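For reference, upload.pdb is printed below; it contains PDB, C-alpha atoms.
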```pdb
ATOM      1  CA  MET A  51      25.146  41.089 -47.996
ATOM      2  CA  SER A  52      26.741  42.386 -44.823
ATOM      3  CA  TYR A  53      27.950  38.967 -43.638
ATOM      4  CA  ALA A  54      30.670  36.627 -44.872
ATOM      5  CA  ILE A  55      28.261  33.679 -44.844
ATOM      6  CA  ASP A  56      25.164  33.067 -46.993
ATOM      7  CA  PRO A  57      21.883  31.484 -45.805
ATOM      8  CA  LEU A  58      21.810  27.712 -46.320
ATOM      9  CA  GLU A  59      19.956  26.603 -49.446
ATOM     10  CA  PHE A  60      17.131  24.083 -48.767
ATOM     11  CA  THR A  61      16.342  22.929 -52.318
ATOM     12  CA  GLY A  62      18.131  19.583 -51.835
ATOM     13  CA  LEU A  63      16.502  18.739 -48.520
ATOM     14  CA  LYS A  64      14.990  15.224 -48.431
ATOM     15  CA  THR A  65      11.377  14.808 -47.256
ATOM     16  CA  ILE A  66       9.164  11.862 -46.404
ATOM     17  CA  SER A  67       5.412  11.437 -46.594
ATOM     18  CA  LEU A  68       3.271  12.200 -43.533
ATOM     19  CA  ALA A  69       1.851   8.670 -43.786
ATOM     20  CA  ASP A  70       5.324   7.112 -43.578
ATOM     21  CA  ARG A  71       6.395   9.412 -40.754
ATOM     22  CA  GLY A  72       3.425   8.660 -38.507
ATOM     23  CA  GLY A  73       2.907  10.439 -35.181
ATOM     24  CA  LYS A  74       2.911   9.857 -31.454
ATOM     25  CA  VAL A  75      -0.387  11.723 -31.054
ATOM     26  CA  ARG A  76      -3.482  10.479 -32.867
ATOM     27  CA  ALA A  77      -6.967  11.919 -33.147
ATOM     28  CA  SER A  78      -8.320   8.729 -31.559
ATOM     29  CA  ASP A  79      -6.365   9.626 -28.410
ATOM     30  CA  PHE A  80      -8.008  13.039 -28.005
ATOM     31  CA  ALA A  81     -10.307  14.021 -25.151
ATOM     32  CA  ARG A  82     -14.051  13.911 -25.658
ATOM     33  CA  PRO A  83     -16.343  16.756 -24.570
ATOM     34  CA  HIS A  84     -18.336  16.224 -21.406
ATOM     35  CA  THR A  85     -22.083  15.741 -21.672
ATOM     36  CA  ALA A  86     -24.267  17.224 -18.938
ATOM     37  CA  GLY A  87     -25.651  14.481 -16.744
ATOM     38  CA  ALA A  88     -23.066  11.902 -17.779
ATOM     39  CA  GLY A  89     -21.668   9.774 -14.982
ATOM     40  CA  PHE A  90     -18.215   9.970 -13.457
ATOM     41  CA  ARG A  91     -17.107   6.817 -15.242
ATOM     42  CA  GLN A  92     -17.919   8.501 -18.542
ATOM     43  CA  TRP A  93     -15.959  11.573 -17.511
ATOM     44  CA  LEU A  94     -12.905   9.468 -16.697
ATOM     45  CA  ASP A  95     -13.189   7.700 -20.036
ATOM     46  CA  SER A  96     -13.353  11.066 -21.794
ATOM     47  CA  LEU A  97      -9.851  12.063 -20.668
ATOM     48  CA  PRO A  98      -7.255  12.037 -23.464
ATOM     49  CA  HIS A  99      -4.972   9.029 -23.805
ATOM     50  CA  ILE A 100      -1.973  11.345 -23.778
ATOM     51  CA  LEU A 101       0.803  12.297 -21.316
ATOM     52  CA  ALA A 102      -0.369  12.896 -17.720
ATOM     53  CA  ALA A 103      -3.810  11.365 -18.301
ATOM     54  CA  ASN A 104      -2.092   8.123 -19.284
ATOM     55  CA  ASP A 105       0.239   8.423 -16.287
ATOM     56  CA  LEU A 106      -2.810   8.741 -14.048
ATOM     57  CA  ARG A 107      -4.312   5.619 -15.600
ATOM     58  CA  ALA A 108      -0.992   3.773 -15.231
ATOM     59  CA  ALA A 109      -0.774   4.714 -11.550
ATOM     60  CA  ALA A 110      -4.323   3.508 -10.893
ATOM     61  CA  GLN A 111      -3.675   0.287 -12.805
ATOM     62  CA  ALA A 112      -0.455  -0.418 -10.896
ATOM     63  CA  ILE A 113      -2.245   0.040  -7.574
ATOM     64  CA  ALA A 114      -5.160  -2.136  -8.654
ATOM     65  CA  GLU A 115      -2.842  -4.874  -9.911
ATOM     66  CA  ALA A 116      -0.812  -4.813  -6.700
ATOM     67  CA  GLN A 117      -3.998  -5.279  -4.701
ATOM     68  CA  SER A 118      -5.168  -8.161  -6.891
ATOM     69  CA  LYS A 119      -1.806  -9.914  -6.502
ATOM     70  CA  GLY A 120      -1.676  -9.422  -2.749
ATOM     71  CA  LYS A 121       1.302  -7.082  -3.041
ATOM     72  CA  PRO A 122       1.697  -4.031  -0.787
ATOM     73  CA  VAL A 123       0.570  -0.516  -1.632
ATOM     74  CA  ILE A 124       2.483   1.805   0.690
ATOM     75  CA  TRP A 125       1.512   5.469   0.954
ATOM     76  CA  GLY A 126       4.209   7.877   2.157
ATOM     77  CA  MET A 127       3.058  11.399   2.929
ATOM     78  CA  GLY A 128       3.843  14.852   4.198
ATOM     79  CA  GLY A 129       1.703  17.051   6.397
ATOM     80  CA  HIS A 130      -0.226  18.805   3.630
ATOM     81  CA  VAL A 131      -1.941  15.563   2.630
ATOM     82  CA  ILE A 132      -3.622  15.472   6.048
ATOM     83  CA  LYS A 133      -4.178  19.246   6.181
ATOM     84  CA  CYS A 134      -5.951  19.086   2.809
ATOM     85  CA  GLY A 135      -8.498  16.658   4.224
ATOM     86  CA  MET A 136      -7.322  13.467   2.544
ATOM     87  CA  ALA A 137      -7.561  11.146   5.556
ATOM     88  CA  PRO A 138     -11.102   9.907   4.711
ATOM     89  CA  ILE A 139      -9.999   9.075   1.150
ATOM     90  CA  LEU A 140      -6.955   7.162   2.383
ATOM     91  CA  ILE A 141      -8.988   5.374   5.051
ATOM     92  CA  ASP A 142     -11.452   4.243   2.390
ATOM     93  CA  LEU A 143      -8.620   3.028   0.147
ATOM     94  CA  MET A 144      -7.178   1.165   3.124
ATOM     95  CA  ARG A 145     -10.480  -0.621   3.720
ATOM     96  CA  ARG A 146     -10.660  -1.564   0.052
ATOM     97  CA  GLY A 147      -7.115  -2.987   0.130
ATOM     98  CA  TYR A 148      -5.504  -0.203  -1.904
ATOM     99  CA  ALA A 149      -3.425   1.073   1.011
ATOM    100  CA  THR A 150      -1.661  -1.589   3.051
ATOM    101  CA  ALA A 151       0.686   0.671   5.036
ATOM    102  CA  PHE A 152       1.361   4.356   5.620
ATOM    103  CA  ALA A 153       4.588   6.279   6.246
ATOM    104  CA  MET A 154       4.287   9.813   7.628
ATOM    105  CA  ASN A 155       6.731  12.562   8.350
ATOM    106  CA  GLY A 156       6.351  14.178  11.763
ATOM    107  CA  SER A 157       4.041  16.959  10.617
ATOM    108  CA  ALA A 158       1.560  14.536   9.046
ATOM    109  CA  SER A 159       1.319  12.664  12.343
ATOM    110  CA  ILE A 160       0.817  15.901  14.299
ATOM    111  CA  HIS A 161      -1.927  17.235  12.043
ATOM    112  CA  ASP A 162      -3.748  13.907  12.190
ATOM    113  CA  PHE A 163      -3.257  13.711  15.953
ATOM    114  CA  GLU A 164      -4.778  17.181  16.424
ATOM    115  CA  ILE A 165      -7.734  16.329  14.184
ATOM    116  CA  ALA A 166      -8.358  13.288  16.365
ATOM    117  CA  LEU A 167      -8.068  15.330  19.570
ATOM    118  CA  ALA A 168      -9.935  18.501  18.645
ATOM    119  CA  GLY A 169     -11.353  18.252  15.143
ATOM    120  CA  HIS A 170      -9.086  21.020  13.850
ATOM    121  CA  THR A 171      -5.418  21.631  13.034
ATOM    122  CA  SER A 172      -3.045  24.001  11.174
ATOM    123  CA  GLU A 173      -2.568  27.149  13.231
ATOM    124  CA  ASP A 174      -2.043  30.649  11.820
ATOM    125  CA  VAL A 175       1.771  30.777  11.853
ATOM    126  CA  GLU A 176       2.077  34.433  10.884
ATOM    127  CA  SER A 177      -0.020  35.625  13.818
ATOM    128  CA  ALA A 178       1.483  33.227  16.366
ATOM    129  CA  LEU A 179       5.173  33.427  15.465
ATOM    130  CA  PRO A 180       5.992  37.029  16.551
ATOM    131  CA  ASP A 181       5.416  36.350  20.261
ATOM    132  CA  GLY A 182       6.541  32.714  20.210
ATOM    133  CA  ARG A 183       3.110  31.092  20.549
ATOM    134  CA  PHE A 184       3.576  29.067  17.361
ATOM    135  CA  GLY A 185       3.783  25.360  18.057
ATOM    136  CA  SER A 186       3.032  25.676  21.759
ATOM    137  CA  ALA A 187      -0.330  23.879  21.962
ATOM    138  CA  GLU A 188      -0.276  22.126  25.326
ATOM    139  CA  GLU A 189      -2.450  19.113  24.518
ATOM    140  CA  THR A 190      -0.596  18.348  21.292
ATOM    141  CA  GLY A 191       2.869  18.458  22.826
ATOM    142  CA  ARG A 192       1.916  16.710  26.051
ATOM    143  CA  GLU A 193      -0.151  13.875  24.619
ATOM    144  CA  TRP A 194       1.980  13.299  21.487
ATOM    145  CA  ASN A 195       5.123  12.932  23.618
ATOM    146  CA  LYS A 196       3.338  10.863  26.240
ATOM    147  CA  ALA A 197       2.023   8.492  23.591
ATOM    148  CA  ILE A 198       5.451   7.518  22.294
ATOM    149  CA  GLN A 199       6.617   6.358  25.721
ATOM    150  CA  GLN A 200       5.036   2.943  25.168
ATOM    151  CA  GLY A 201       8.111   1.217  23.735
ATOM    152  CA  MET A 202       6.620   0.934  20.242
ATOM    153  CA  GLY A 203       7.065   2.859  17.020
ATOM    154  CA  ILE A 204       5.583   6.342  16.843
ATOM    155  CA  GLY A 205       2.797   5.440  14.427
ATOM    156  CA  GLU A 206       1.626   2.465  16.470
ATOM    157  CA  SER A 207       1.889   4.417  19.726
ATOM    158  CA  LEU A 208      -0.121   7.387  18.475
ATOM    159  CA  GLY A 209      -2.886   5.235  17.023
ATOM    160  CA  ARG A 210      -3.178   3.185  20.182
ATOM    161  CA  SER A 211      -3.334   6.283  22.387
ATOM    162  CA  LEU A 212      -5.977   7.951  20.244
ATOM    163  CA  GLU A 213      -8.322   5.030  20.830
ATOM    164  CA  THR A 214      -8.934   6.467  24.307
ATOM    165  CA  LEU A 215      -7.956  10.128  23.776
ATOM    166  CA  SER A 216     -10.053  10.939  20.703
ATOM    167  CA  PRO A 217     -13.674  12.074  21.155
ATOM    168  CA  ALA A 218     -16.101   9.873  19.249
ATOM    169  CA  GLN A 219     -17.099  12.596  16.774
ATOM    170  CA  TYR A 220     -13.510  12.946  15.464
ATOM    171  CA  GLN A 221     -12.392   9.345  15.335
ATOM    172  CA  ALA A 222     -13.563   8.635  11.793
ATOM    173  CA  SER A 223     -11.373  11.481  10.480
ATOM    174  CA  SER A 224      -8.089  10.206  11.941
ATOM    175  CA  LEU A 225      -5.886   8.078   9.708
ATOM    176  CA  LEU A 226      -3.661   7.162  12.650
ATOM    177  CA  LEU A 227      -6.592   5.873  14.680
ATOM    178  CA  GLN A 228      -8.431   4.083  11.883
ATOM    179  CA  ALA A 229      -5.233   2.402  10.701
ATOM    180  CA  TRP A 230      -4.519   1.286  14.280
ATOM    181  CA  LYS A 231      -8.021  -0.168  14.594
ATOM    182  CA  ALA A 232      -7.504  -2.062  11.326
ATOM    183  CA  ARG A 233      -3.972  -3.067  12.408
ATOM    184  CA  VAL A 234      -2.579  -1.506   9.236
ATOM    185  CA  PRO A 235       1.023  -0.386   9.883
ATOM    186  CA  VAL A 236       1.794   3.324  10.177
ATOM    187  CA  THR A 237       5.379   4.493  10.530
ATOM    188  CA  VAL A 238       6.395   8.027  11.498
ATOM    189  CA  HIS A 239       9.785   9.420  10.547
ATOM    190  CA  VAL A 240      10.920  12.543  12.383
ATOM    191  CA  ALA A 241      13.879  14.858  11.985
ATOM    192  CA  VAL A 242      14.559  16.329  15.412
ATOM    193  CA  GLY A 243      13.625  19.995  15.528
ATOM    194  CA  THR A 244      11.224  19.959  12.593
ATOM    195  CA  ASP A 245       8.065  19.277  14.596
ATOM    196  CA  THR A 246       6.359  21.268  17.337
ATOM    197  CA  PRO A 247       6.303  18.527  20.038
ATOM    198  CA  HIS A 248      10.118  18.491  19.986
ATOM    199  CA  ALA A 249      10.125  21.840  21.818
ATOM    200  CA  HIS A 250       7.547  20.836  24.429
ATOM    201  CA  PRO A 251       8.701  20.306  28.047
ATOM    202  CA  ALA A 252       7.415  16.727  27.893
ATOM    203  CA  VAL A 253       9.768  15.667  25.104
ATOM    204  CA  ASN A 254      12.068  12.728  25.807
ATOM    205  CA  PRO A 255      14.783  12.802  23.107
ATOM    206  CA  GLU A 256      15.975   9.279  23.795
ATOM    207  CA  LEU A 257      12.500   7.781  23.465
ATOM    208  CA  LEU A 258      11.782   9.922  20.424
ATOM    209  CA  GLY A 259      14.872   8.647  18.653
ATOM    210  CA  ALA A 260      14.248   5.037  19.643
ATOM    211  CA  ALA A 261      10.609   5.148  18.508
ATOM    212  CA  THR A 262      11.304   6.663  15.103
ATOM    213  CA  HIS A 263      14.222   4.257  14.574
ATOM    214  CA  ARG A 264      11.893   1.352  15.303
ATOM    215  CA  ASP A 265       9.542   2.774  12.691
ATOM    216  CA  PHE A 266      12.382   2.978  10.182
ATOM    217  CA  ARG A 267      13.149  -0.698  10.747
ATOM    218  CA  LEU A 268       9.455  -1.518  10.322
ATOM    219  CA  PHE A 269       9.353   0.559   7.137
ATOM    220  CA  CYS A 270      12.306  -1.423   5.784
ATOM    221  CA  GLY A 271      10.352  -4.605   6.440
ATOM    222  CA  LEU A 272       7.402  -3.185   4.539
ATOM    223  CA  ALA A 273       9.603  -2.027   1.661
ATOM    224  CA  ALA A 274      11.104  -5.507   1.321
ATOM    225  CA  GLN A 275       7.666  -6.792   0.312
ATOM    226  CA  LEU A 276       7.399  -4.422  -2.671
ATOM    227  CA  ASP A 277       9.370  -6.832  -4.855
ATOM    228  CA  SER A 278       7.671  -7.980  -8.050
ATOM    229  CA  GLY A 279       4.528  -5.900  -8.216
ATOM    230  CA  GLY A 280       4.202  -3.688  -5.166
ATOM    231  CA  VAL A 281       3.535   0.053  -5.302
ATOM    232  CA  TYR A 282       5.041   2.883  -3.295
ATOM    233  CA  ILE A 283       3.462   6.360  -3.397
ATOM    234  CA  ASN A 284       5.175   9.486  -2.126
ATOM    235  CA  ALA A 285       2.533  12.177  -1.646
ATOM    236  CA  GLY A 286       3.492  15.663  -0.583
ATOM    237  CA  SER A 287       6.872  15.083   1.064
ATOM    238  CA  ALA A 288       9.759  16.886  -0.598
ATOM    239  CA  VAL A 289      12.651  15.759   1.614
ATOM    240  CA  VAL A 290      12.161  13.511   4.656
ATOM    241  CA  ILE A 291      10.044  10.665   3.284
ATOM    242  CA  PRO A 292      11.903  10.423  -0.056
ATOM    243  CA  GLU A 293      15.170  10.172   1.870
ATOM    244  CA  VAL A 294      13.738   7.536   4.203
ATOM    245  CA  PHE A 295      12.463   5.548   1.220
ATOM    246  CA  LEU A 296      15.799   5.575  -0.603
ATOM    247  CA  LYS A 297      17.681   4.468   2.540
ATOM    248  CA  ALA A 298      15.132   1.703   3.058
ATOM    249  CA  VAL A 299      15.574   0.464  -0.519
ATOM    250  CA  SER A 300      19.340   0.303  -0.077
ATOM    251  CA  THR A 301      19.110  -1.330   3.364
ATOM    252  CA  VAL A 302      16.717  -4.012   2.116
ATOM    253  CA  ARG A 303      18.980  -4.871  -0.814
ATOM    254  CA  ASN A 304      22.071  -4.797   1.406
ATOM    255  CA  LEU A 305      20.464  -7.429   3.630
ATOM    256  CA  GLY A 306      20.041  -9.742   0.643
ATOM    257  CA  HIS A 307      16.394  -9.173  -0.248
ATOM    258  CA  THR A 308      15.453  -8.937  -3.905
ATOM    259  CA  LEU A 309      13.724  -5.624  -4.529
ATOM    260  CA  ALA A 310      12.899  -5.070  -8.183
ATOM    261  CA  GLY A 311       9.989  -4.860 -10.580
ATOM    262  CA  PHE A 312       7.814  -2.553  -8.490
ATOM    263  CA  THR A 313       6.161   0.805  -9.216
ATOM    264  CA  THR A 314       6.850   4.126  -7.541
ATOM    265  CA  ILE A 315       4.626   7.201  -7.811
ATOM    266  CA  ASN A 316       5.437  10.747  -6.775
ATOM    267  CA  LEU A 317       2.373  12.911  -6.321
ATOM    268  CA  ASP A 318       2.788  16.611  -5.518
ATOM    269  CA  PHE A 319       1.858  20.047  -6.791
ATOM    270  CA  LEU A 320       5.540  20.591  -7.669
ATOM    271  CA  GLN A 321       7.992  17.971  -8.885
ATOM    272  CA  HIS A 322      10.909  18.578  -6.539
ATOM    273  CA  TYR A 323      14.414  17.251  -7.149
ATOM    274  CA  ARG A 324      14.593  14.771  -4.285
ATOM    275  CA  PRO A 325      11.313  12.930  -4.878
ATOM    276  CA  ARG A 326      12.111  12.786  -8.589
ATOM    277  CA  VAL A 327      15.475  11.098  -8.109
ATOM    278  CA  ASN A 328      14.845   9.175  -4.866
ATOM    279  CA  VAL A 329      11.358   7.931  -5.686
ATOM    280  CA  VAL A 330      10.769   8.050  -9.440
ATOM    281  CA  GLU A 331      14.244   7.311 -10.841
ATOM    282  CA  ARG A 332      16.948   5.801  -8.606
ATOM    283  CA  PRO A 333      15.048   2.818  -7.126
ATOM    284  CA  HIS A 334      14.597   1.376 -10.622
ATOM    285  CA  ALA A 335      18.183   1.707 -11.838
ATOM    286  CA  GLN A 336      19.251  -1.772 -13.018
ATOM    287  CA  ALA A 337      16.180  -3.198 -11.298
ATOM    288  CA  GLY A 338      13.298  -2.734 -13.697
ATOM    289  CA  GLY A 339       9.963  -1.455 -12.572
ATOM    290  CA  ARG A 340       8.577   1.975 -13.282
ATOM    291  CA  GLY A 341       8.470   5.447 -11.764
ATOM    292  CA  ILE A 342       5.520   7.774 -12.388
ATOM    293  CA  ALA A 343       5.308  11.500 -11.630
ATOM    294  CA  LEU A 344       1.844  13.013 -11.143
ATOM    295  CA  THR A 345       1.637  16.766 -10.681
ATOM    296  CA  GLY A 346      -1.331  18.440  -9.029
ATOM    297  CA  HIS A 347      -2.850  19.530  -5.746
ATOM    298  CA  HIS A 348      -3.483  16.752  -3.238
ATOM    299  CA  GLU A 349      -7.076  17.796  -2.627
ATOM    300  CA  ILE A 350      -7.838  17.147  -6.303
ATOM    301  CA  MET A 351      -5.379  14.485  -7.417
ATOM    302  CA  ILE A 352      -5.718  11.986  -4.558
ATOM    303  CA  PRO A 353      -9.532  11.821  -4.776
ATOM    304  CA  LEU A 354      -9.233  11.605  -8.563
ATOM    305  CA  LEU A 355      -6.753   8.737  -8.380
ATOM    306  CA  ALA A 356      -8.909   6.988  -5.786
ATOM    307  CA  ALA A 357     -12.028   7.436  -7.912
ATOM    308  CA  LEU A 358     -10.298   5.982 -10.947
ATOM    309  CA  ILE A 359      -9.301   2.899  -8.940
ATOM    310  CA  ILE A 360     -12.772   2.471  -7.448
ATOM    311  CA  GLU A 361     -14.551   2.902 -10.772
ATOM    312  CA  ALA A 362     -12.285   0.311 -12.356
ATOM    313  CA  GLN A 363     -13.010  -2.037  -9.475
ATOM    314  CA  ALA A 364     -16.760  -1.565  -9.946
ATOM    315  CA  THR A 365     -16.477  -2.215 -13.699
ATOM    316  CA  GLU A 366     -14.665  -5.510 -13.078
ATOM    317  CA  LYS A 367     -17.502  -6.693 -10.845
TER     318      LYS A 367
END
```
Encoded form (structure tokens):
Amino acid sequence: MSYAIDPLEFTGLKTISLADRGGKVRASDFARPHTAGAGFRQWLDSLPHILAANDLRAAAQAIAEAQSKGKPVIWGMGGHVIKCGMAPILIDLMRRGYATAFAMNGSASIHDFEIALAGHTSEDVESALPDGRFGSAEETGREWNKAIQQGMGIGESLGRSLETLSPAQYQASSLLLQAWKARVPVTVHVAVGTDTPHAHPAVNPELLGAATHRDFRLFCGLAAQLDSGGVYINAGSAVVIPEVFLKAVSTVRNLGHTLAGFTTINLDFLQHYRPRVNVVERPHAQAGGRGIALTGHHEIMIPLLAALIIEAQATEK
């Protein structure tokens, strides 16, 4: 031997039987192959009862239970949720009682606002940025800034304005407008300089700040109702909305409201640091409740989650 130490001898190692040891994964939990022509309910039932599939079921169950108990289900979101075409799914969930309020960052509100105005959004940044045309759409900047001069929060102001601004053929695709018509609260939380209307000549910084602060206060009021069974979902916002949510949780508790025993869900195609700690982990420290992380693209995961909820609802009937 070239070394001063010998390999460890294993002859005295103690073993136990496989039956006594057991296992966290069982054959009964495995996925089942899909059968051509089977319905969607059967496909959902065929998913394995393991890891993320169970997390998906737990998220759907928490949302369904919150709805049945009359507790809030608040959806926070970034711009990609709207850009990926999820507004009709969220509008449907709202009408079914599985979305009782929405919190948007500035970009989500802008994309939805443009859909309502023109039926399209999301410009080609690479082609527009070199000569400074990026973010300079006149109608977006003018009407978005004009809308928030009504003395209300941004979400309420935008929805109200779109009732007259939006052509009839685009109205059904706007979450802002449909939520306003249903009087479902929408709050919009901006960081000055992050959104294109902030550079438009029509911007009024004082009104912008006052309107988004009003929305933060409204969001705190919504968050206070999450106690004992509510659900908060953060979809596609890596920084702004998770920070707003954490500050709201602290503010609500500071004011003497009990806020415990609720469920938080982070849904994104990457599990970023801030949503993980601010949404999934920190709100439940010493307060009970549960945080769930679901990883996947919005255009697949949000319809899948919605379908699971709706199928469960249909089964109960």
Q: Might you spell out which residues the PyMOL selection byres ((chain A and resi 159) around 10) would select in the displayed file, as an MDAnalysis selection string?
A: chainID A and resid 127:129 132 153:158 160:165 194 204:205 208:209 224:226 236:240 245
Residues of the last selection are to be written out with C-alpha atoms, as a PDB file, in the coordinates of the input.
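That gives us result_13.pdb:
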```pdb
ATOM      1  CA  MET A 127       3.058  11.399   2.929  1.00  0.00           C
ATOM      2  CA  GLY A 128       3.843  14.852   4.198  1.00  0.00           C
ATOM      3  CA  GLY A 129       1.703  17.051   6.397  1.00  0.00           C
ATOM      4  CA  ILE A 132      -3.622  15.472   6.048  1.00  0.00           C
ATOM      5  CA  ALA A 153       4.588   6.279   6.246  1.00  0.00           C
ATOM      6  CA  MET A 154       4.287   9.813   7.628  1.00  0.00           C
ATOM      7  CA  ASN A 155       6.731  12.562   8.350  1.00  0.00           C
ATOM      8  CA  GLY A 156       6.351  14.178  11.763  1.00  0.00           C
ATOM      9  CA  SER A 157       4.041  16.959  10.617  1.00  0.00           C
ATOM     10  CA  ALA A 158       1.560  14.536   9.046  1.00  0.00           C
ATOM     11  CA  ILE A 160       0.817  15.901  14.299  1.00  0.00           C
ATOM     12  CA  HIS A 161      -1.927  17.235  12.043  1.00  0.00           C
ATOM     13  CA  ASP A 162      -3.748  13.907  12.190  1.00  0.00           C
ATOM     14  CA  PHE A 163      -3.257  13.711  15.953  1.00  0.00           C
ATOM     15  CA  GLU A 164      -4.778  17.181  16.424  1.00  0.00           C
ATOM     16  CA  ILE A 165      -7.734  16.329  14.184  1.00  0.00           C
ATOM     17  CA  TRP A 194       1.980  13.299  21.487  1.00  0.00           C
ATOM     18  CA  ILE A 204       5.583   6.342  16.843  1.00  0.00           C
ATOM     19  CA  GLY A 205       2.797   5.440  14.427  1.00  0.00           C
ATOM     20  CA  LEU A 208      -0.121   7.387  18.475  1.00  0.00           C
ATOM     21  CA  GLY A 209      -2.886   5.235  17.023  1.00  0.00           C
ATOM     22  CA  SER A 224      -8.089  10.206  11.941  1.00  0.00           C
ATOM     23  CA  LEU A 225      -5.886   8.078   9.708  1.00  0.00           C
ATOM     24  CA  LEU A 226      -3.661   7.162  12.650  1.00  0.00           C
ATOM     25  CA  VAL A 236       1.794   3.324  10.177  1.00  0.00           C
ATOM     26  CA  THR A 237       5.379   4.493  10.530  1.00  0.00           C
ATOM     27  CA  VAL A 238       6.395   8.027  11.498  1.00  0.00           C
ATOM     28  CA  HIS A 239       9.785   9.420  10.547  1.00  0.00           C
ATOM     29  CA  VAL A 240      10.920  12.543  12.383  1.00  0.00           C
ATOM     30  CA  ASP A 245       8.065  19.277  14.596  1.00  0.00           C
TER      31      ASP A 245
END
```
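Distances to Ile291 (chain A) were evaluated for A:Ile342, A:Ala108, A:Val329, A:Ala166 using only C-alpha atoms, and the minimum falls at A:Val329.
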(Q) Restricting the calculation to all atoms listed in the file: of A:Ile124, A:Ala362, A:Ala77, A:Leu344, which residue gets closest to Leu101 (chain A)? (A)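 Among A:Ile124, A:Ala362, A:Ala77, A:Leu344, it is A:Leu344 that comes nearest to Leu101 (chain A).
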(Q) as a PyMOL selection string, please: the residues near Ser78 (chain A) (cut-off 12 Å, all atoms listed in the file, same-chain neighbours under 4 positions excluded). (A) chain A and resi 73-74+82+96-100
Could you write out that same residue set with C-alpha atoms as a short mmCIF file (atom, residue, chain, number, x, y, z; two decimals), keeping the file's coordinate frame?
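This went into selection_19.cif:
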```cif
data_model
loop_
_atom_site.label_atom_id
_atom_site.label_comp_id
_atom_site.auth_asym_id
_atom_site.auth_seq_id
_atom_site.Cartn_x
_atom_site.Cartn_y
_atom_site.Cartn_z
CA GLY A 73 2.91 10.44 -35.18
CA LYS A 74 2.91 9.86 -31.45
CA ARG A 82 -14.05 13.91 -25.66
CA SER A 96 -13.35 11.07 -21.79
CA LEU A 97 -9.85 12.06 -20.67
CA PRO A 98 -7.26 12.04 -23.46
CA HIS A 99 -4.97 9.03 -23.80
CA ILE A 100 -1.97 11.34 -23.78
#
```
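CA of Ala114 (chain A) lies 27.6 Å from CA of Tyr323 (chain A).
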Q: Identify all residues satisfying the PyMOL selection byres ((chain A and resi 326) around 12) in the given file; provide them as a ChimeraX atom specification.
A: /A:283-285,287-289,292-293,296,314-318,320-325,327-334,341-345
Taking C-alpha atoms for each residue, export the selection above as a compact mmCIF listing (two decimals), keeping the file's coordinate frame.
```txt
# COMPACT_ATOMS: atom_id res chain seq x y z
CA ILE A 283 3.46 6.36 -3.40
CA ASN A 284 5.18 9.49 -2.13
CA ALA A 285 2.53 12.18 -1.65
CA SER A 287 6.87 15.08 1.06
CA ALA A 288 9.76 16.89 -0.60
CA VAL A 289 12.65 15.76 1.61
CA PRO A 292 11.90 10.42 -0.06
CA GLU A 293 15.17 10.17 1.87
CA LEU A 296 15.80 5.58 -0.60
CA THR A 314 6.85 4.13 -7.54
CA ILE A 315 4.63 7.20 -7.81
CA ASN A 316 5.44 10.75 -6.78
CA LEU A 317 2.37 12.91 -6.32
CA ASP A 318 2.79 16.61 -5.52
CA LEU A 320 5.54 20.59 -7.67
CA GLN A 321 7.99 17.97 -8.88
CA HIS A 322 10.91 18.58 -6.54
CA TYR A 323 14.41 17.25 -7.15
CA ARG A 324 14.59 14.77 -4.28
CA PRO A 325 11.31 12.93 -4.88
CA VAL A 327 15.48 11.10 -8.11
CA ASN A 328 14.84 9.18 -4.87
CA VAL A 329 11.36 7.93 -5.69
CA VAL A 330 10.77 8.05 -9.44
CA GLU A 331 14.24 7.31 -10.84
CA ARG A 332 16.95 5.80 -8.61
CA PRO A 333 15.05 2.82 -7.13
CA HIS A 334 14.60 1.38 -10.62
CA GLY A 341 8.47 5.45 -11.76
CA ILE A 342 5.52 7.77 -12.39
CA ALA A 343 5.31 11.50 -11.63
CA LEU A 344 1.84 13.01 -11.14
CA THR A 345 1.64 16.77 -10.68
```
Q: For the file shown, report as a PyMOL selection string the outcome of the PyMOL selection byres ((chain A and resi 146-151) around 9) at residue level.
A: chain A and resi 113-114+116-118+120-126+140-145+152-153+229+234-237+269+272+356+359-360
Please produce an output containing C-alpha atoms for each residue in the selection, written as a CSV table (one decimal), keeping the file's coordinate frame.
```
chain,number,residue,atom,x,y,z
A,113,ILE,CA,-2.2,0.0,-7.6
A,114,ALA,CA,-5.2,-2.1,-8.7
A,116,ALA,CA,-0.8,-4.8,-6.7
A,117,GLN,CA,-4.0,-5.3,-4.7
A,118,SER,CA,-5.2,-8.2,-6.9
A,120,GLY,CA,-1.7,-9.4,-2.7
A,121,LYS,CA,1.3,-7.1,-3.0
A,122,PRO,CA,1.7,-4.0,-0.8
A,123,VAL,CA,0.6,-0.5,-1.6
A,124,ILE,CA,2.5,1.8,0.7
A,125,TRP,CA,1.5,5.5,1.0
A,126,GLY,CA,4.2,7.9,2.2
A,140,LEU,CA,-7.0,7.2,2.4
A,141,ILE,CA,-9.0,5.4,5.1
A,142,ASP,CA,-11.5,4.2,2.4
A,143,LEU,CA,-8.6,3.0,0.1
A,144,MET,CA,-7.2,1.2,3.1
A,145,ARG,CA,-10.5,-0.6,3.7
A,152,PHE,CA,1.4,4.4,5.6
A,153,ALA,CA,4.6,6.3,6.2
A,229,ALA,CA,-5.2,2.4,10.7
A,234,VAL,CA,-2.6,-1.5,9.2
A,235,PRO,CA,1.0,-0.4,9.9
A,236,VAL,CA,1.8,3.3,10.2
A,237,THR,CA,5.4,4.5,10.5
A,269,PHE,CA,9.4,0.6,7.1
A,272,LEU,CA,7.4,-3.2,4.5
A,356,ALA,CA,-8.9,7.0,-5.8
A,359,ILE,CA,-9.3,2.9,-8.9
A,360,ILE,CA,-12.8,2.5,-7.4
```
